[in-house]
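Input: a single structure, listed below in structure tokens.
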Amino acid sequence: MLNSICIKTNRKKVIAYLLKAFETFPMESVSLSHREFKLYHNIILHYSGDNVEFFHYHVCDILVDTILSCYEKSKLKQYIELNYFYFSEEEKEIILDHCLSYLNTSENIDSLNRKDDIYIALLKYISENKSIVLDGFINFRLSNYMKLLDSTIDLCVNDFIIEREYNEFVHLLQAYISSKEPSLDLVHLIYLEEDSLLIDSKKNIIPIDRNCFGAKYLSDITFSSNDFILNTLLTILPQKIILHLIDEENEFTHTIQSIFENRVTLCKDCSICNTYKLLHHVNPQKI
């Protein structure tokens, strides 16, 4: 019994992609033809074997890859232009790149879900229909997939805004530091995630400035020990900071390095480091 499927599109990129994919179709008893009509190019597959379901599975696999390769970027771009038109062209390109990177991360559950959503919708459709207009199917039959793209854009826009504000914050503090004279030559920052401290060149503990009202920097809502450490460093403005990593590097240590730039030297194995590792029972192999 002959089983046939006609795929209709007028996009040259899609036509080329499909023809190349179907040339290496992994099944016997399949013939391929390509016809051009007034509105659409028709790519027709005829299958004369008995395993129709298996034939449909392979067709769906190729169509999923086609949609992701030929349509996804343009759909994301369309949604960004519609909902985030107020960003600059450069910013929109950055957001688009973030979206594509996020969706193409193999361990990302949204990446897997979108493929499953498209595949299931395709399999149901071609099992019940002999032809598929690819653009129409994407626009009107893939609502879950479109919602996922929309939520992905929102997520990436939020990350972009946070990153942009972080960079602005760092640049602002860099400018502040450059405009002031250092008041100390050297400060040691002994970094423990829960209980960091500052000492001077003579190993004397530097009091942490916990004055919220006079702070040059504190986070907007909650005051952590790291906030007060950073605020103290911005108050005393040392010429050099030796950052002793008793705990592993994280966002805070990267922020210190970003703000104070070449004033910061990392240290993981000195008498100060080893003393505080022993005091806090830190395994030196972890750092």
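The chains in the structure tokens are called A, B, ... from first to last as shown; in each chain the residues are counted from 1, and the ligands are counted from 1 in the order shown.
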
* To do: Within 10 Å of region 71-83 of chain A, counting only C-alpha atoms, which residues show up once you throw out same-chain ones fewer than 5 positions away? Write them as a ChimeraX atom specification, please.
  => /A:13-14,65-66,89,92-93,95-97,99-100,103,135,138-139,145-146,149-150,152-154,157

* To do: Going by DSSP on the backbone, which bits of region 119-284 of chain A are helix (DSSP H, G or I)? Write them as a ChimeraX atom specification, please.
  => /A:119-128,134-141,143-178,225-236,251-263,271-279,284

* Check region 37-136 of chain A with DSSP on the backbone and list each residue it calls strand (DSSP E or B), as a PyMOL selection string. => chain A and resi 41-47+131-133

Any chance you could export the current selection's all heavy atoms as a PDB file, in the first residue's frame?
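Written file, part_15.pdb:
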ATOM      1  N   HIS A  41       6.229  25.241  -3.347  1.00  0.00           N
ATOM      2  CA  HIS A  41       6.992  24.085  -3.803  1.00  0.00           C
ATOM      3  C   HIS A  41       6.456  22.878  -3.037  1.00  0.00           C
ATOM      4  O   HIS A  41       6.279  22.948  -1.817  1.00  0.00           O
ATOM      5  CB  HIS A  41       8.482  24.263  -3.493  1.00  0.00           C
ATOM      6  CG  HIS A  41       9.170  25.222  -4.398  1.00  0.00           C
ATOM      7  ND1 HIS A  41      10.135  24.841  -5.292  1.00  0.00           N
ATOM      8  CD2 HIS A  41       9.019  26.567  -4.555  1.00  0.00           C
ATOM      9  CE1 HIS A  41      10.577  25.898  -5.954  1.00  0.00           C
ATOM     10  NE2 HIS A  41       9.908  26.962  -5.524  1.00  0.00           N
ATOM     11  N   ASN A  42       6.209  21.787  -3.734  1.00  0.00           N
ATOM     12  CA  ASN A  42       5.741  20.558  -3.103  1.00  0.00           C
ATOM     13  C   ASN A  42       6.878  19.548  -3.056  1.00  0.00           C
ATOM     14  O   ASN A  42       7.423  19.169  -4.097  1.00  0.00           O
ATOM     15  CB  ASN A  42       4.571  19.951  -3.880  1.00  0.00           C
ATOM     16  CG  ASN A  42       3.298  20.760  -3.715  1.00  0.00           C
ATOM     17  OD1 ASN A  42       3.281  21.765  -3.014  1.00  0.00           O
ATOM     18  ND2 ASN A  42       2.234  20.316  -4.358  1.00  0.00           N
ATOM     19  N   ILE A  43       7.221  19.139  -1.858  1.00  0.00           N
ATOM     20  CA  ILE A  43       8.180  18.052  -1.677  1.00  0.00           C
ATOM     21  C   ILE A  43       7.374  16.826  -1.268  1.00  0.00           C
ATOM     22  O   ILE A  43       6.742  16.810  -0.209  1.00  0.00           O
ATOM     23  CB  ILE A  43       9.238  18.411  -0.627  1.00  0.00           C
ATOM     24  CG1 ILE A  43      10.051  19.622  -1.113  1.00  0.00           C
ATOM     25  CG2 ILE A  43      10.147  17.222  -0.336  1.00  0.00           C
ATOM     26  CD1 ILE A  43      11.027  20.154  -0.102  1.00  0.00           C
ATOM     27  N   ILE A  44       7.370  15.812  -2.134  1.00  0.00           N
ATOM     28  CA  ILE A  44       6.474  14.662  -1.959  1.00  0.00           C
ATOM     29  C   ILE A  44       7.290  13.403  -1.688  1.00  0.00           C
ATOM     30  O   ILE A  44       8.254  13.096  -2.387  1.00  0.00           O
ATOM     31  CB  ILE A  44       5.602  14.455  -3.206  1.00  0.00           C
ATOM     32  CG1 ILE A  44       4.780  15.724  -3.486  1.00  0.00           C
ATOM     33  CG2 ILE A  44       4.677  13.247  -3.034  1.00  0.00           C
ATOM     34  CD1 ILE A  44       4.083  15.710  -4.835  1.00  0.00           C
ATOM     35  N   LEU A  45       6.877  12.696  -0.647  1.00  0.00           N
ATOM     36  CA  LEU A  45       7.468  11.414  -0.312  1.00  0.00           C
ATOM     37  C   LEU A  45       6.429  10.318  -0.521  1.00  0.00           C
ATOM     38  O   LEU A  45       5.294  10.426  -0.032  1.00  0.00           O
ATOM     39  CB  LEU A  45       7.933  11.391   1.148  1.00  0.00           C
ATOM     40  CG  LEU A  45       9.103  12.305   1.538  1.00  0.00           C
ATOM     41  CD1 LEU A  45       9.312  12.252   3.045  1.00  0.00           C
ATOM     42  CD2 LEU A  45      10.366  11.895   0.831  1.00  0.00           C
ATOM     43  N   HIS A  46       6.816   9.268  -1.245  1.00  0.00           N
ATOM     44  CA  HIS A  46       5.972   8.082  -1.419  1.00  0.00           C
ATOM     45  C   HIS A  46       6.654   6.909  -0.724  1.00  0.00           C
ATOM     46  O   HIS A  46       7.833   6.631  -0.970  1.00  0.00           O
ATOM     47  CB  HIS A  46       5.789   7.749  -2.907  1.00  0.00           C
ATOM     48  CG  HIS A  46       5.041   8.792  -3.671  1.00  0.00           C
ATOM     49  ND1 HIS A  46       3.739   9.114  -3.420  1.00  0.00           N
ATOM     50  CD2 HIS A  46       5.445   9.604  -4.697  1.00  0.00           C
ATOM     51  CE1 HIS A  46       3.341  10.064  -4.262  1.00  0.00           C
ATOM     52  NE2 HIS A  46       4.366  10.384  -5.042  1.00  0.00           N
ATOM     53  N   TYR A  47       5.895   6.228   0.117  1.00  0.00           N
ATOM     54  CA  TYR A  47       6.440   5.069   0.835  1.00  0.00           C
ATOM     55  C   TYR A  47       5.585   3.853   0.512  1.00  0.00           C
ATOM     56  O   TYR A  47       4.368   3.863   0.718  1.00  0.00           O
ATOM     57  CB  TYR A  47       6.433   5.343   2.344  1.00  0.00           C
ATOM     58  CG  TYR A  47       6.820   4.148   3.183  1.00  0.00           C
ATOM     59  CD1 TYR A  47       8.082   3.569   3.057  1.00  0.00           C
ATOM     60  CD2 TYR A  47       5.924   3.606   4.098  1.00  0.00           C
ATOM     61  CE1 TYR A  47       8.434   2.477   3.829  1.00  0.00           C
ATOM     62  CE2 TYR A  47       6.269   2.516   4.875  1.00  0.00           C
ATOM     63  CZ  TYR A  47       7.532   1.945   4.742  1.00  0.00           C
ATOM     64  OH  TYR A  47       7.881   0.852   5.503  1.00  0.00           O
ATOM     65  N   SER A 131      -1.002  16.102   3.492  1.00  0.00           N
ATOM     66  CA  SER A 131      -0.147  17.240   3.139  1.00  0.00           C
ATOM     67  C   SER A 131      -0.041  18.190   4.319  1.00  0.00           C
ATOM     68  O   SER A 131      -0.929  18.243   5.176  1.00  0.00           O
ATOM     69  CB  SER A 131      -0.692  17.975   1.912  1.00  0.00           C
ATOM     70  OG  SER A 131      -1.894  18.641   2.218  1.00  0.00           O
ATOM     71  N   ILE A 132       1.048  18.940   4.342  1.00  0.00           N
ATOM     72  CA  ILE A 132       1.280  19.893   5.424  1.00  0.00           C
ATOM     73  C   ILE A 132       1.903  21.161   4.848  1.00  0.00           C
ATOM     74  O   ILE A 132       2.922  21.099   4.143  1.00  0.00           O
ATOM     75  CB  ILE A 132       2.180  19.280   6.521  1.00  0.00           C
ATOM     76  CG1 ILE A 132       2.481  20.312   7.615  1.00  0.00           C
ATOM     77  CG2 ILE A 132       3.470  18.702   5.956  1.00  0.00           C
ATOM     78  CD1 ILE A 132       3.175  19.706   8.842  1.00  0.00           C
ATOM     79  N   VAL A 133       1.238  22.290   5.068  1.00  0.00           N
ATOM     80  CA  VAL A 133       1.808  23.595   4.723  1.00  0.00           C
ATOM     81  C   VAL A 133       2.647  24.016   5.917  1.00  0.00           C
ATOM     82  O   VAL A 133       2.116  24.345   6.983  1.00  0.00           O
ATOM     83  CB  VAL A 133       0.710  24.629   4.426  1.00  0.00           C
ATOM     84  CG1 VAL A 133       1.337  25.985   4.087  1.00  0.00           C
ATOM     85  CG2 VAL A 133      -0.188  24.156   3.299  1.00  0.00           C
TER      86      VAL A 133
END

Could you give me, as a tab-separated table, every region 125-178 of chain A residue with an atom at most 7 Å from region 256-279 of chain A, plus its closest atom pair and distance in Å to one decimal, counting only C-alpha atoms, rows ordered by chain then number?
residue	atom	partner	partner_atom	distance
A:Val170	CA	A:Ile259	CA	5.5
A:Leu173	CA	A:Ile259	CA	6.4
A:Gln174	CA	A:Ile259	CA	5.4

* **Spatial neighbours of Val52 (chain A), 10 Å, only C-alpha atoms, chain gap at least 5 places, as JSON, numbers by chain** => {"A": [1, 2, 3, 4, 47, 57, 127]}

Could you save those same residues with N, CA, C and O atoms as a PDB file, in the first residue's frame?
ATOM      1  N   MET A   1       0.856  -1.201   0.000  1.00  0.00           N
ATOM      2  CA  MET A   1       0.000   0.000   0.000  1.00  0.00           C
ATOM      3  C   MET A   1       0.893   1.253   0.000  1.00  0.00           C
ATOM      4  O   MET A   1       1.840   1.355   0.776  1.00  0.00           O
ATOM      5  N   LEU A   2       0.573   2.183  -0.885  1.00  0.00           N
ATOM      6  CA  LEU A   2       1.371   3.398  -1.012  1.00  0.00           C
ATOM      7  C   LEU A   2       0.920   4.426   0.016  1.00  0.00           C
ATOM      8  O   LEU A   2      -0.266   4.712   0.154  1.00  0.00           O
ATOM      9  N   ASN A   3       1.878   4.983   0.739  1.00  0.00           N
ATOM     10  CA  ASN A   3       1.596   6.048   1.702  1.00  0.00           C
ATOM     11  C   ASN A   3       2.387   7.269   1.284  1.00  0.00           C
ATOM     12  O   ASN A   3       3.603   7.189   1.075  1.00  0.00           O
ATOM     13  N   SER A   4       1.703   8.408   1.144  1.00  0.00           N
ATOM     14  CA  SER A   4       2.351   9.614   0.612  1.00  0.00           C
ATOM     15  C   SER A   4       2.164  10.799   1.537  1.00  0.00           C
ATOM     16  O   SER A   4       1.130  10.939   2.204  1.00  0.00           O
ATOM     17  N   TYR A  47       5.895   6.228   0.117  1.00  0.00           N
ATOM     18  CA  TYR A  47       6.440   5.069   0.835  1.00  0.00           C
ATOM     19  C   TYR A  47       5.585   3.853   0.512  1.00  0.00           C
ATOM     20  O   TYR A  47       4.368   3.863   0.718  1.00  0.00           O
ATOM     21  N   TYR A  57       7.626   8.437  11.828  1.00  0.00           N
ATOM     22  CA  TYR A  57       8.600   8.847  12.841  1.00  0.00           C
ATOM     23  C   TYR A  57       9.807   9.534  12.199  1.00  0.00           C
ATOM     24  O   TYR A  57      10.268  10.585  12.668  1.00  0.00           O
ATOM     25  N   SER A 127      -0.182  11.930  10.675  1.00  0.00           N
ATOM     26  CA  SER A 127      -0.890  10.654  10.770  1.00  0.00           C
ATOM     27  C   SER A 127      -2.328  10.786  10.290  1.00  0.00           C
ATOM     28  O   SER A 127      -2.959   9.801   9.899  1.00  0.00           O
TER      29      SER A 127
END

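When CA of Ser106 (chain A) is paired with CA of Leu142 (chain A), their separation reads 21.1 Å.
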
* Point-to-point distance in Å for CA of Ile236 (chain A) and CA of Leu184 (chain A) -> 6.7 Å

* To do: Pick out the residues sitting within 12 Å of Leu233 (chain A), and hand them over as a PyMOL selection string; count only C-alpha atoms, and ignore anything fewer than 4 positions along from it in its own chain.
  => chain A and resi 173+177+182-184+186-189+197-200+206-210+215-217+226-229+237-243+256+259-260+263-264

Output N, CA, C and O atoms for every residue in the selection just made, as a short mmCIF file (atom, residue, chain, number, x, y, z; two decimals), in the first residue's frame.
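Once written, selection_17.cif looks like this:
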data_model
loop_
_atom_site.label_atom_id
_atom_site.label_comp_id
_atom_site.auth_asym_id
_atom_site.auth_seq_id
_atom_site.Cartn_x
_atom_site.Cartn_y
_atom_site.Cartn_z
N LEU A 173 31.53 52.12 40.12
CA LEU A 173 32.45 52.00 41.25
C LEU A 173 33.91 52.08 40.77
O LEU A 173 34.77 52.61 41.50
N ILE A 177 36.57 54.75 42.32
CA ILE A 177 37.89 54.37 42.84
C ILE A 177 38.98 55.16 42.14
O ILE A 177 39.92 55.65 42.78
N PRO A 182 44.18 56.39 47.34
CA PRO A 182 44.14 55.28 48.31
C PRO A 182 44.51 55.76 49.71
O PRO A 182 45.37 56.63 49.87
N SER A 183 43.87 55.19 50.72
CA SER A 183 44.18 55.58 52.09
C SER A 183 45.02 54.52 52.80
O SER A 183 45.57 54.79 53.87
N LEU A 184 45.14 53.32 52.21
CA LEU A 184 45.99 52.27 52.75
C LEU A 184 46.77 51.63 51.61
O LEU A 184 46.27 51.53 50.49
N LEU A 186 47.97 48.40 51.68
CA LEU A 186 47.67 46.98 51.52
C LEU A 186 46.57 46.54 52.48
O LEU A 186 46.58 46.92 53.66
N VAL A 187 45.65 45.74 51.95
CA VAL A 187 44.61 45.10 52.78
C VAL A 187 44.53 43.63 52.38
O VAL A 187 44.56 43.30 51.20
N HIS A 188 44.44 42.77 53.38
CA HIS A 188 44.19 41.35 53.15
C HIS A 188 42.70 41.09 53.34
O HIS A 188 42.14 41.41 54.40
N LEU A 189 42.08 40.53 52.32
CA LEU A 189 40.68 40.10 52.44
C LEU A 189 40.68 38.58 52.58
O LEU A 189 41.02 37.86 51.64
N LEU A 197 36.74 38.57 56.59
CA LEU A 197 37.28 39.67 57.38
C LEU A 197 38.41 40.35 56.63
O LEU A 197 38.97 39.79 55.68
N LEU A 198 38.74 41.54 57.12
CA LEU A 198 39.81 42.35 56.53
C LEU A 198 40.89 42.56 57.57
O LEU A 198 40.59 42.83 58.75
N ILE A 199 42.16 42.46 57.15
CA ILE A 199 43.28 42.78 58.03
C ILE A 199 44.26 43.65 57.27
O ILE A 199 44.34 43.60 56.04
N ASP A 200 45.00 44.45 58.00
CA ASP A 200 45.95 45.34 57.35
C ASP A 200 47.30 44.65 57.19
O ASP A 200 47.46 43.46 57.49
N ILE A 206 40.71 44.99 60.52
CA ILE A 206 40.10 46.27 60.14
C ILE A 206 38.61 46.19 60.45
O ILE A 206 37.93 45.27 59.98
N PRO A 207 38.09 47.13 61.24
CA PRO A 207 36.66 47.09 61.56
C PRO A 207 35.81 47.21 60.28
O PRO A 207 36.13 48.00 59.39
N ILE A 208 34.75 46.42 60.21
CA ILE A 208 33.85 46.45 59.06
C ILE A 208 32.86 47.59 59.24
O ILE A 208 32.23 47.73 60.28
N ASP A 209 32.75 48.42 58.22
CA ASP A 209 31.83 49.55 58.24
C ASP A 209 30.40 49.05 58.04
O ASP A 209 30.03 48.63 56.95
N ARG A 210 29.61 49.08 59.09
CA ARG A 210 28.22 48.61 59.02
C ARG A 210 27.22 49.76 59.09
O ARG A 210 26.06 49.58 59.45
N ALA A 215 26.61 54.35 53.65
CA ALA A 215 27.23 53.35 52.78
C ALA A 215 27.35 53.87 51.35
O ALA A 215 26.45 54.49 50.82
N LYS A 216 28.50 53.58 50.75
CA LYS A 216 28.69 53.89 49.33
C LYS A 216 28.09 52.81 48.46
O LYS A 216 27.76 53.02 47.31
N TYR A 217 28.01 51.63 49.02
CA TYR A 217 27.33 50.54 48.32
C TYR A 217 26.73 49.58 49.32
O TYR A 217 27.38 49.14 50.25
N ASN A 226 28.91 40.29 52.93
CA ASN A 226 29.68 40.69 51.74
C ASN A 226 29.41 42.13 51.36
O ASN A 226 30.30 42.84 50.87
N ASP A 227 28.17 42.58 51.53
CA ASP A 227 27.84 43.99 51.26
C ASP A 227 28.71 44.91 52.13
O ASP A 227 29.26 45.91 51.65
N PHE A 228 28.80 44.58 53.41
CA PHE A 228 29.56 45.43 54.33
C PHE A 228 31.06 45.35 54.06
O PHE A 228 31.78 46.34 54.23
N ILE A 229 31.55 44.17 53.64
CA ILE A 229 32.97 44.04 53.26
C ILE A 229 33.28 44.96 52.08
O ILE A 229 34.27 45.72 52.09
N LEU A 237 39.66 52.30 50.49
CA LEU A 237 40.31 52.35 49.17
C LEU A 237 41.79 51.95 49.23
O LEU A 237 42.68 52.80 49.04
N PRO A 238 42.09 50.69 49.47
CA PRO A 238 43.49 50.26 49.50
C PRO A 238 44.14 50.28 48.12
O PRO A 238 43.47 50.10 47.11
N GLN A 239 45.45 50.49 48.11
CA GLN A 239 46.20 50.45 46.86
C GLN A 239 46.30 49.02 46.33
O GLN A 239 46.27 48.79 45.12
N LYS A 240 46.38 48.07 47.27
CA LYS A 240 46.48 46.67 46.88
C LYS A 240 45.62 45.82 47.81
O LYS A 240 45.57 46.05 49.02
N ILE A 241 44.93 44.84 47.20
CA ILE A 241 44.11 43.89 47.97
C ILE A 241 44.62 42.48 47.67
O ILE A 241 44.66 42.07 46.50
N ILE A 242 45.01 41.76 48.71
CA ILE A 242 45.32 40.34 48.54
C ILE A 242 44.09 39.56 48.98
O ILE A 242 43.69 39.62 50.15
N LEU A 243 43.51 38.88 48.04
CA LEU A 243 42.27 38.14 48.29
C LEU A 243 42.63 36.69 48.59
O LEU A 243 43.00 35.92 47.71
N ILE A 256 34.60 41.65 43.28
CA ILE A 256 35.74 42.37 43.87
C ILE A 256 36.84 42.56 42.83
O ILE A 256 37.41 43.66 42.68
N ILE A 259 35.72 45.17 40.16
CA ILE A 259 35.68 46.56 40.62
C ILE A 259 37.08 47.11 40.84
O ILE A 259 37.43 48.20 40.38
N PHE A 260 37.92 46.34 41.53
CA PHE A 260 39.25 46.84 41.90
C PHE A 260 40.33 46.46 40.88
O PHE A 260 41.48 46.88 41.02
N ARG A 263 44.30 45.96 41.16
CA ARG A 263 44.68 46.13 42.57
C ARG A 263 44.55 44.80 43.34
O ARG A 263 45.04 44.70 44.46
N VAL A 264 43.86 43.83 42.74
CA VAL A 264 43.55 42.57 43.44
C VAL A 264 44.52 41.48 43.02
O VAL A 264 44.76 41.27 41.83
#

* Compare A:Leu148, A:His254, A:His98, A:Ser33 by their minimum atom-to-atom distance to Asp110 (chain A), counting only C-alpha atoms, and give me the closest one. => A:Leu148

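Distances to Phe55 (chain A) were evaluated for A:Glu28, A:Arg164, A:Leu245, A:Ala121 using only C-alpha atoms, and the minimum falls at A:Glu28.
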
Spatial neighbours of Leu122 (chain A), max dist 9 Å, only C-alpha atoms, sep filter under 5 positions, as a PDB file with N, CA, C and O atoms, in the first residue's frame:
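Once everything was written out, this is selection_2.pdb:
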ATOM      1  N   CYS A  60       8.909  12.964  10.812  1.00  0.00           N
ATOM      2  CA  CYS A  60       8.789  13.934  11.914  1.00  0.00           C
ATOM      3  C   CYS A  60      10.158  14.364  12.423  1.00  0.00           C
ATOM      4  O   CYS A  60      10.365  15.542  12.736  1.00  0.00           O
ATOM      5  N   LEU A  63      11.433  16.928  10.037  1.00  0.00           N
ATOM      6  CA  LEU A  63      10.670  18.175  10.111  1.00  0.00           C
ATOM      7  C   LEU A  63      10.970  18.940  11.396  1.00  0.00           C
ATOM      8  O   LEU A  63      11.008  20.179  11.389  1.00  0.00           O
ATOM      9  N   VAL A  64      11.182  18.230  12.505  1.00  0.00           N
ATOM     10  CA  VAL A  64      11.585  18.911  13.748  1.00  0.00           C
ATOM     11  C   VAL A  64      12.899  19.638  13.537  1.00  0.00           C
ATOM     12  O   VAL A  64      13.041  20.823  13.885  1.00  0.00           O
ATOM     13  N   ASP A 117       7.431  18.804  22.035  1.00  0.00           N
ATOM     14  CA  ASP A 117       6.170  19.467  21.666  1.00  0.00           C
ATOM     15  C   ASP A 117       5.996  19.485  20.143  1.00  0.00           C
ATOM     16  O   ASP A 117       4.907  19.207  19.621  1.00  0.00           O
ATOM     17  N   SER A 127      -0.182  11.930  10.675  1.00  0.00           N
ATOM     18  CA  SER A 127      -0.890  10.654  10.770  1.00  0.00           C
ATOM     19  C   SER A 127      -2.328  10.786  10.290  1.00  0.00           C
ATOM     20  O   SER A 127      -2.959   9.801   9.899  1.00  0.00           O
ATOM     21  N   PHE A 137       1.410  25.379   9.569  1.00  0.00           N
ATOM     22  CA  PHE A 137       1.471  24.458  10.699  1.00  0.00           C
ATOM     23  C   PHE A 137       2.210  25.109  11.868  1.00  0.00           C
ATOM     24  O   PHE A 137       1.763  25.033  13.029  1.00  0.00           O
ATOM     25  N   ARG A 141      -0.396  25.555  14.706  1.00  0.00           N
ATOM     26  CA  ARG A 141      -0.495  24.243  15.348  1.00  0.00           C
ATOM     27  C   ARG A 141       0.553  24.033  16.441  1.00  0.00           C
ATOM     28  O   ARG A 141       0.582  22.971  17.046  1.00  0.00           O
ATOM     29  N   LEU A 142       1.412  24.994  16.650  1.00  0.00           N
ATOM     30  CA  LEU A 142       2.486  24.827  17.628  1.00  0.00           C
ATOM     31  C   LEU A 142       2.385  25.869  18.746  1.00  0.00           C
ATOM     32  O   LEU A 142       3.344  26.567  19.070  1.00  0.00           O
TER      33      LEU A 142
END
